[in-house]
file protein_17.pdb (PDB, C-alpha atoms, pLDDT in the B column)
MODEL        1
ATOM      1  CA  MET W  19     -39.291  13.368  10.999  1.00 73.00           C
ATOM      2  CA  ALA W  20     -38.670  15.090  14.307  1.00 78.00           C
ATOM      3  CA  ILE W  21     -35.998  17.240  12.635  1.00 81.00           C
ATOM      4  CA  ALA W  22     -38.455  18.655  10.120  1.00 78.00           C
ATOM      5  CA  VAL W  23     -41.134  19.204  12.754  1.00 76.00           C
ATOM      6  CA  ALA W  24     -38.702  20.889  15.171  1.00 81.00           C
ATOM      7  CA  ARG W  25     -37.424  23.157  12.391  1.00 81.00           C
ATOM      8  CA  HIS W  26     -41.003  24.001  11.401  1.00 77.00           C
ATOM      9  CA  ALA W  27     -41.760  24.850  15.042  1.00 79.00           C
ATOM     10  CA  GLY W  28     -38.825  27.304  15.120  1.00 84.00           C
ATOM     11  CA  ALA W  29     -36.042  25.375  16.848  1.00 86.00           C
ATOM     12  CA  ARG W  30     -32.765  27.335  16.833  1.00 86.00           C
ATOM     13  CA  LYS W  31     -30.444  24.335  17.164  1.00 88.00           C
ATOM     14  CA  ILE W  32     -31.313  20.732  16.454  1.00 89.00           C
ATOM     15  CA  ALA W  33     -29.078  17.840  17.464  1.00 89.00           C
ATOM     16  CA  ILE W  34     -29.916  14.168  17.045  1.00 87.00           C
ATOM     17  CA  THR W  35     -28.188  11.135  18.466  1.00 86.00           C
ATOM     18  CA  ASP W  36     -27.746   7.654  17.070  1.00 84.00           C
ATOM     19  CA  VAL W  37     -25.057   5.051  16.487  1.00 81.00           C
ATOM     20  CA  SER W  38     -26.154   4.085  12.976  1.00 83.00           C
ATOM     21  CA  ALA W  39     -24.010   5.826  10.335  1.00 86.00           C
ATOM     22  CA  PRO W  40     -26.759   5.622   7.647  1.00 86.00           C
ATOM     23  CA  ARG W  41     -29.332   7.178   9.997  1.00 85.00           C
ATOM     24  CA  LEU W  42     -26.909   9.923  11.019  1.00 87.00           C
ATOM     25  CA  GLU W  43     -26.296  10.676   7.345  1.00 88.00           C
ATOM     26  CA  LEU W  44     -30.045  10.764   6.676  1.00 86.00           C
ATOM     27  CA  ALA W  45     -30.393  13.299   9.510  1.00 87.00           C
ATOM     28  CA  ARG W  46     -27.675  15.458   7.932  1.00 89.00           C
ATOM     29  CA  LYS W  47     -29.522  15.377   4.600  1.00 85.00           C
ATOM     30  CA  LEU W  48     -32.679  16.491   6.423  1.00 84.00           C
ATOM     31  CA  GLY W  49     -30.912  19.564   7.793  1.00 85.00           C
ATOM     32  CA  VAL W  50     -30.009  18.728  11.387  1.00 89.00           C
ATOM     33  CA  ASP W  51     -27.460  21.116  12.884  1.00 92.00           C
ATOM     34  CA  LEU W  52     -25.467  18.261  14.382  1.00 90.00           C
ATOM     35  CA  ALA W  53     -25.784  14.482  14.065  1.00 89.00           C
ATOM     36  CA  ILE W  54     -24.077  12.955  17.099  1.00 88.00           C
ATOM     37  CA  ASP W  55     -22.684   9.438  17.068  1.00 88.00           C
ATOM     38  CA  VAL W  56     -23.050   8.771  20.797  1.00 84.00           C
ATOM     39  CA  SER W  57     -20.563   5.916  20.609  1.00 83.00           C
ATOM     40  CA  LYS W  58     -17.921   8.575  19.828  1.00 88.00           C
ATOM     41  CA  MET W  59     -19.193  11.883  21.253  1.00 87.00           C
ATOM     42  CA  ARG W  60     -21.040  13.028  24.370  1.00 88.00           C
ATOM     43  CA  VAL W  61     -24.025  15.366  24.171  1.00 87.00           C
ATOM     44  CA  LYS W  62     -22.279  18.000  26.338  1.00 89.00           C
ATOM     45  CA  ASP W  63     -19.431  18.119  23.781  1.00 90.00           C
ATOM     46  CA  ALA W  64     -21.972  18.516  21.008  1.00 88.00           C
ATOM     47  CA  GLN W  65     -23.516  21.482  22.841  1.00 89.00           C
ATOM     48  CA  ARG W  66     -20.107  23.134  22.916  1.00 90.00           C
ATOM     49  CA  GLU W  67     -19.661  22.451  19.193  1.00 90.00           C
ATOM     50  CA  LEU W  68     -23.033  24.096  18.511  1.00 90.00           C
ATOM     51  CA  GLY W  69     -21.986  27.155  20.547  1.00 91.00           C
ATOM     52  CA  MET W  70     -24.684  26.567  23.159  1.00 90.00           C
ATOM     53  CA  ARG W  71     -24.049  28.129  26.570  1.00 88.00           C
ATOM     54  CA  GLU W  72     -27.034  26.452  28.172  1.00 88.00           C
ATOM     55  CA  GLY W  73     -28.770  23.127  27.704  1.00 91.00           C
ATOM     56  CA  PHE W  74     -31.515  22.120  25.328  1.00 91.00           C
ATOM     57  CA  ASP W  75     -35.035  23.482  25.862  1.00 92.00           C
ATOM     58  CA  ILE W  76     -36.803  20.470  24.353  1.00 90.00           C
ATOM     59  CA  GLY W  77     -35.711  16.848  24.283  1.00 89.00           C
ATOM     60  CA  MET W  78     -37.414  13.951  22.528  1.00 85.00           C
ATOM     61  CA  GLU W  79     -36.157  10.573  23.692  1.00 85.00           C
ATOM     62  CA  MET W  80     -37.162   8.007  21.096  1.00 80.00           C
ATOM     63  CA  SER W  81     -34.710   5.154  21.582  1.00 79.00           C
ATOM     64  CA  GLY W  82     -35.657   3.752  24.984  1.00 82.00           C
ATOM     65  CA  HIS W  83     -31.945   3.041  25.530  1.00 82.00           C
ATOM     66  CA  PRO W  84     -31.131   3.045  29.263  1.00 85.00           C
ATOM     67  CA  THR W  85     -28.358   5.675  28.975  1.00 85.00           C
ATOM     68  CA  ALA W  86     -30.238   8.073  26.677  1.00 86.00           C
ATOM     69  CA  LEU W  87     -32.634   9.640  29.175  1.00 90.00           C
ATOM     70  CA  PRO W  88     -30.075  10.238  31.955  1.00 92.00           C
ATOM     71  CA  GLU W  89     -27.708  11.930  29.487  1.00 90.00           C
ATOM     72  CA  MET W  90     -30.577  14.010  28.120  1.00 90.00           C
ATOM     73  CA  ILE W  91     -31.524  15.107  31.644  1.00 94.00           C
ATOM     74  CA  ASP W  92     -27.904  16.137  32.251  1.00 93.00           C
ATOM     75  CA  ASN W  93     -27.981  18.353  29.154  1.00 92.00           C
ATOM     76  CA  MET W  94     -31.330  20.112  29.520  1.00 94.00           C
ATOM     77  CA  ASN W  95     -31.862  23.800  30.226  1.00 93.00           C
ATOM     78  CA  HIS W  96     -33.649  24.787  33.436  1.00 96.00           C
ATOM     79  CA  GLY W  97     -37.376  24.511  32.773  1.00 96.00           C
ATOM     80  CA  GLY W  98     -36.757  22.172  29.827  1.00 94.00           C
ATOM     81  CA  ARG W  99     -39.330  19.685  28.590  1.00 93.00           C
ATOM     82  CA  ILE W 100     -38.697  16.080  27.642  1.00 92.00           C
ATOM     83  CA  ALA W 101     -41.079  13.955  25.574  1.00 88.00           C
ATOM     84  CA  MET W 102     -40.634  10.231  26.112  1.00 87.00           C
ATOM     85  CA  LEU W 103     -41.538   8.312  22.954  1.00 81.00           C
ATOM     86  CA  GLY W 104     -39.194   5.314  23.129  1.00 80.00           C
ATOM     87  CA  LEU W 105     -40.165   2.247  25.121  1.00 82.00           C
ATOM     88  CA  PRO W 106     -37.377   1.151  27.476  1.00 85.00           C
ATOM     89  CA  SER W 107     -36.531  -2.536  27.445  1.00 82.00           C
ATOM     90  CA  GLN W 108     -35.124  -2.294  30.988  1.00 89.00           C
ATOM     91  CA  SER W 109     -35.178   0.018  34.011  1.00 92.00           C
ATOM     92  CA  ILE W 110     -33.632   3.470  33.651  1.00 91.00           C
ATOM     93  CA  ASN W 111     -31.884   5.181  36.556  1.00 92.00           C
ATOM     94  CA  ILE W 112     -32.986   8.812  36.767  1.00 94.00           C
ATOM     95  CA  ASP W 113     -31.432  11.557  38.898  1.00 95.00           C
ATOM     96  CA  TRP W 114     -34.730  12.851  40.280  1.00 96.00           C
ATOM     97  CA  GLY W 115     -32.888  15.549  42.220  1.00 96.00           C
ATOM     98  CA  LYS W 116     -31.751  17.046  38.929  1.00 95.00           C
ATOM     99  CA  VAL W 117     -35.254  16.733  37.447  1.00 97.00           C
ATOM    100  CA  VAL W 118     -36.652  18.674  40.419  1.00 97.00           C
ATOM    101  CA  THR W 119     -33.926  21.315  40.793  1.00 96.00           C
ATOM    102  CA  HIS W 120     -33.803  21.966  37.035  1.00 96.00           C
ATOM    103  CA  MET W 121     -37.621  22.140  36.926  1.00 97.00           C
ATOM    104  CA  LEU W 122     -37.778  19.630  34.087  1.00 97.00           C
ATOM    105  CA  THR W 123     -41.095  18.402  32.731  1.00 96.00           C
ATOM    106  CA  MET W 124     -41.172  14.844  31.457  1.00 94.00           C
ATOM    107  CA  LYS W 125     -44.157  13.476  29.571  1.00 91.00           C
ATOM    108  CA  GLY W 126     -44.777  10.043  28.152  1.00 87.00           C
ATOM    109  CA  ILE W 127     -46.373  10.030  24.719  1.00 77.00           C
ATOM    110  CA  TYR W 128     -48.023   6.827  23.619  1.00 69.00           C
ATOM    111  CA  GLY W 129     -51.370   5.508  22.499  1.00 64.00           C
ATOM    112  CA  ARG W 130     -54.254   7.921  22.212  1.00 61.00           C
ATOM    113  CA  GLU W 131     -52.134  11.074  22.215  1.00 63.00           C
ATOM    114  CA  MET W 132     -50.378   9.801  19.095  1.00 61.00           C
ATOM    115  CA  PHE W 133     -53.571  10.495  17.135  1.00 66.00           C
ATOM    116  CA  GLU W 134     -53.423  14.155  18.176  1.00 69.00           C
ATOM    117  CA  THR W 135     -49.824  14.227  16.960  1.00 66.00           C
ATOM    118  CA  TRP W 136     -50.870  12.768  13.607  1.00 67.00           C
ATOM    119  CA  TYR W 137     -53.604  15.402  13.218  1.00 71.00           C
ATOM    120  CA  ALA W 138     -51.124  18.178  13.995  1.00 70.00           C
ATOM    121  CA  MET W 139     -48.653  16.656  11.527  1.00 68.00           C
ATOM    122  CA  SER W 140     -51.313  16.533   8.802  1.00 72.00           C
ATOM    123  CA  ALA W 141     -52.051  20.226   9.338  1.00 72.00           C
ATOM    124  CA  MET W 142     -48.345  21.128   9.181  1.00 69.00           C
ATOM    125  CA  LEU W 143     -47.797  19.072   6.025  1.00 69.00           C
ATOM    126  CA  SER W 144     -50.736  20.634   4.213  1.00 72.00           C
ATOM    127  CA  SER W 145     -49.528  24.139   5.066  1.00 71.00           C
ATOM    128  CA  ASN W 146     -45.840  23.649   4.258  1.00 68.00           C
ATOM    129  CA  PRO W 147     -44.719  21.900   1.010  1.00 68.00           C
ATOM    130  CA  VAL W 148     -41.038  22.028   2.041  1.00 67.00           C
ATOM    131  CA  LEU W 149     -41.837  20.236   5.285  1.00 63.00           C
ATOM    132  CA  HIS W 150     -43.762  17.639   3.274  1.00 63.00           C
ATOM    133  CA  ALA W 151     -40.705  17.019   1.075  1.00 64.00           C
ATOM    134  CA  ASN W 152     -38.439  16.676   4.121  1.00 64.00           C
ATOM    135  CA  ILE W 153     -40.807  14.225   5.800  1.00 68.00           C
ATOM    136  CA  SER W 154     -41.072  12.170   2.594  1.00 75.00           C
ATOM    137  CA  ALA W 155     -37.279  11.821   2.520  1.00 75.00           C
ATOM    138  CA  VAL W 156     -37.459   9.876   5.798  1.00 79.00           C
ATOM    139  CA  VAL W 157     -39.194   6.963   4.050  1.00 85.00           C
ATOM    140  CA  THR W 158     -36.301   4.840   2.810  1.00 85.00           C
ATOM    141  CA  ASP W 159     -38.192   1.628   2.026  1.00 89.00           C
ATOM    142  CA  THR W 160     -41.657   0.938   0.586  1.00 92.00           C
ATOM    143  CA  LEU W 161     -42.772  -2.665   0.231  1.00 91.00           C
ATOM    144  CA  PRO W 162     -46.032  -4.421  -0.610  1.00 93.00           C
ATOM    145  CA  ALA W 163     -47.817  -5.438   2.590  1.00 93.00           C
ATOM    146  CA  THR W 164     -47.376  -9.080   1.607  1.00 93.00           C
ATOM    147  CA  ASP W 165     -43.622  -8.577   2.203  1.00 93.00           C
ATOM    148  CA  TRP W 166     -44.211  -7.509   5.812  1.00 93.00           C
ATOM    149  CA  GLU W 167     -41.590  -9.913   7.167  1.00 95.00           C
ATOM    150  CA  LYS W 168     -38.916  -8.333   4.979  1.00 94.00           C
ATOM    151  CA  GLY W 169     -40.136  -4.886   6.096  1.00 93.00           C
ATOM    152  CA  PHE W 170     -39.736  -5.828   9.742  1.00 92.00           C
ATOM    153  CA  GLU W 171     -36.241  -7.216   9.037  1.00 91.00           C
ATOM    154  CA  ILE W 172     -35.240  -3.921   7.412  1.00 90.00           C
ATOM    155  CA  ALA W 173     -36.662  -1.931  10.340  1.00 87.00           C
ATOM    156  CA  ARG W 174     -34.919  -4.179  12.907  1.00 85.00           C
ATOM    157  CA  ALA W 175     -31.571  -3.699  11.136  1.00 84.00           C
ATOM    158  CA  GLY W 176     -31.661  -0.058  12.272  1.00 78.00           C
ATOM    159  CA  VAL W 177     -29.835   1.408   9.290  1.00 78.00           C
ATOM    160  CA  GLY W 178     -32.601   3.091   7.323  1.00 78.00           C
ATOM    161  CA  GLY W 179     -35.439   5.486   7.916  1.00 82.00           C
ATOM    162  CA  LYS W 180     -39.109   4.605   7.954  1.00 85.00           C
ATOM    163  CA  VAL W 181     -40.379   1.415   6.312  1.00 89.00           C
ATOM    164  CA  VAL W 182     -43.815   1.725   4.736  1.00 90.00           C
ATOM    165  CA  LEU W 183     -46.002  -1.248   3.894  1.00 91.00           C
ATOM    166  CA  ASP W 184     -48.212  -0.567   0.877  1.00 91.00           C
ATOM    167  CA  TRP W 185     -51.680  -2.055   1.378  1.00 92.00           C
ATOM    168  CA  THR W 186     -53.035  -1.093  -2.074  1.00 90.00           C
ATOM    169  CA  CYS W 187     -52.056  -4.511  -3.450  1.00 76.00           C
ATOM    170  CA  PHE W 188     -55.153  -6.071  -1.808  1.00 70.00           C
TER
ENDMDL
END

call {"tool": "encode", "arguments": {"input": "protein_17.pdb", "output": "C-alpha cells"}}
result
Amino acid sequence: MAIAVARHAGARKIAITDVSAPRLELARKLGVDLAIDVSKMRVKDAQRELGMREGFDIGMEMSGHPTALPEMIDNMNHGGRIAMLGLPSQSINIDWGKVVTHMLTMKGIYGREMFETWYAMSAMLSSNPVLHANISAVVTDTLPATDWEKGFEIARAGVGGKVVLDWTCF
C-alpha cells in the first residue's frame, strides 16, 4: 500500500525491500521502481541502479528487522525523514552521529496517529480511482472471520499481501 500512497504523493523513485519473492513480485505489479531482495542486494547498490546520486528523502521502515533501520539511515539524503512503523523484536544499534550530522528526522507511528493515517487514506482513495485499484490489489486473501486462525497462519507465512477477515458472516 505504501507504494501506491508514495506514488500518489509524487515520489520520483520508489524502492521496497523484502526477502519474500511473492511479496517482491506483488510490489512489481503495483508499480515500484525497484523491488530489492535484501538477501541478495544492498540498498546502496539499488540506489546506483535507480540512477540516484543522493540518498532517499523519505524512508518507511515497516519490518522491525534489526538490520533494516541502520541500513536505511546509511542510505538517506541529508534532511531525510524516516517513519518507523515496524515493531522491533530486539534492540537496534543506531549510528546516532549519522542521524545528527545528516539531520535525519525519525518518527514512530503507532496507535492514535494510525487513525489520522486512515482518514488521509480514505480521502486519497475517494479522490483517485487508480489509487483505489492499486490498494485493492494488495489484498491477496479474504476469509470469513470464523477462519481467523487460518488468516493468521497465512499472514505469518509472509508470502502474500494483506489478509482481510470478513465479518459480514455474523

call {"tool": "atom_distance", "arguments": {"input": "protein_17.pdb", "atom1": "atom CA of Ile100 of chain W", "atom2": "atom CA of Asp75 of chain W"}}
result
8.4 Å

call {"tool": "resolve_selection", "arguments": {"input": "protein_17.pdb", "expression": "the PyMOL selection byres ((chain W and resi 111) around 8)", "output": "mmCIF file with C-alpha atoms, in the coordinates of the input"}}
result
data_model
loop_
_atom_site.group_PDB
_atom_site.id
_atom_site.type_symbol
_atom_site.label_atom_id
_atom_site.label_comp_id
_atom_site.auth_asym_id
_atom_site.auth_seq_id
_atom_site.Cartn_x
_atom_site.Cartn_y
_atom_site.Cartn_z
ATOM 1 C CA PRO W 84 -31.131 3.045 29.263
ATOM 2 C CA PRO W 88 -30.075 10.238 31.955
ATOM 3 C CA SER W 109 -35.178 0.018 34.011
ATOM 4 C CA ILE W 110 -33.632 3.470 33.651
ATOM 5 C CA ILE W 112 -32.986 8.812 36.767
ATOM 6 C CA ASP W 113 -31.432 11.557 38.898
#

call {"tool": "resolve_selection", "arguments": {"input": "protein_17.pdb", "expression": "the PyMOL selection byres ((chain W and resi 155-160) around 10)", "output": "PyMOL selection string"}}
result
chain W and resi 19+22+41+44-45+47-48+149-154+161-163+165+169+172-173+177-184

call {"tool": "atom_distance", "arguments": {"input": "protein_17.pdb", "atom1": "atom CA of Val118 of chain W", "atom2": "atom CA of Glu72 of chain W"}}
result
17.4 Å

call {"tool": "resolve_selection", "arguments": {"input": "protein_17.pdb", "expression": "the PyMOL selection byres ((chain W and resi 103) around 9)", "output": "PDB file with C-alpha atoms, keeping the file's coordinate frame"}}
result
ATOM      1  CA  MET W  78     -37.414  13.951  22.528  1.00 85.00           C
ATOM      2  CA  GLU W  79     -36.157  10.573  23.692  1.00 85.00           C
ATOM      3  CA  MET W  80     -37.162   8.007  21.096  1.00 80.00           C
ATOM      4  CA  SER W  81     -34.710   5.154  21.582  1.00 79.00           C
ATOM      5  CA  GLY W  82     -35.657   3.752  24.984  1.00 82.00           C
ATOM      6  CA  ALA W 101     -41.079  13.955  25.574  1.00 88.00           C
ATOM      7  CA  MET W 102     -40.634  10.231  26.112  1.00 87.00           C
ATOM      8  CA  GLY W 104     -39.194   5.314  23.129  1.00 80.00           C
ATOM      9  CA  LEU W 105     -40.165   2.247  25.121  1.00 82.00           C
ATOM     10  CA  LYS W 125     -44.157  13.476  29.571  1.00 91.00           C
ATOM     11  CA  GLY W 126     -44.777  10.043  28.152  1.00 87.00           C
ATOM     12  CA  ILE W 127     -46.373  10.030  24.719  1.00 77.00           C
ATOM     13  CA  TYR W 128     -48.023   6.827  23.619  1.00 69.00           C
TER      14      TYR W 128
END

call {"tool": "closest_residue", "arguments": {"input": "protein_17.pdb", "among": "W:Glu89, W:Glu67, W:Asp55, W:Glu43", "to": "Lys31 of chain W", "atoms": "all atoms listed in the file"}}
result
W:Glu67

call {"tool": "axis_aligned_box", "arguments": {"input": "protein_17.pdb", "around": "segment 58-63 of chain W", "padding_each_side": "8 Å", "output": "JSON"}}
result
{"center_x": -21.0, "center_y": 13.3, "center_z": 23.1, "size_x": 22.1, "size_y": 25.5, "size_z": 22.5}

call {"tool": "atom_distance", "arguments": {"input": "protein_17.pdb", "atom1": "atom CA of Arg46 of chain W", "atom2": "atom CA of Pro106 of chain W"}}
result
26.1 Å

call {"tool": "closest_residue", "arguments": {"input": "protein_17.pdb", "among": "W:Asn93, W:Thr85, W:Ser140, W:Ser145", "to": "Val117 of chain W", "atoms": "all atoms listed in the file"}}
result
W:Asn93
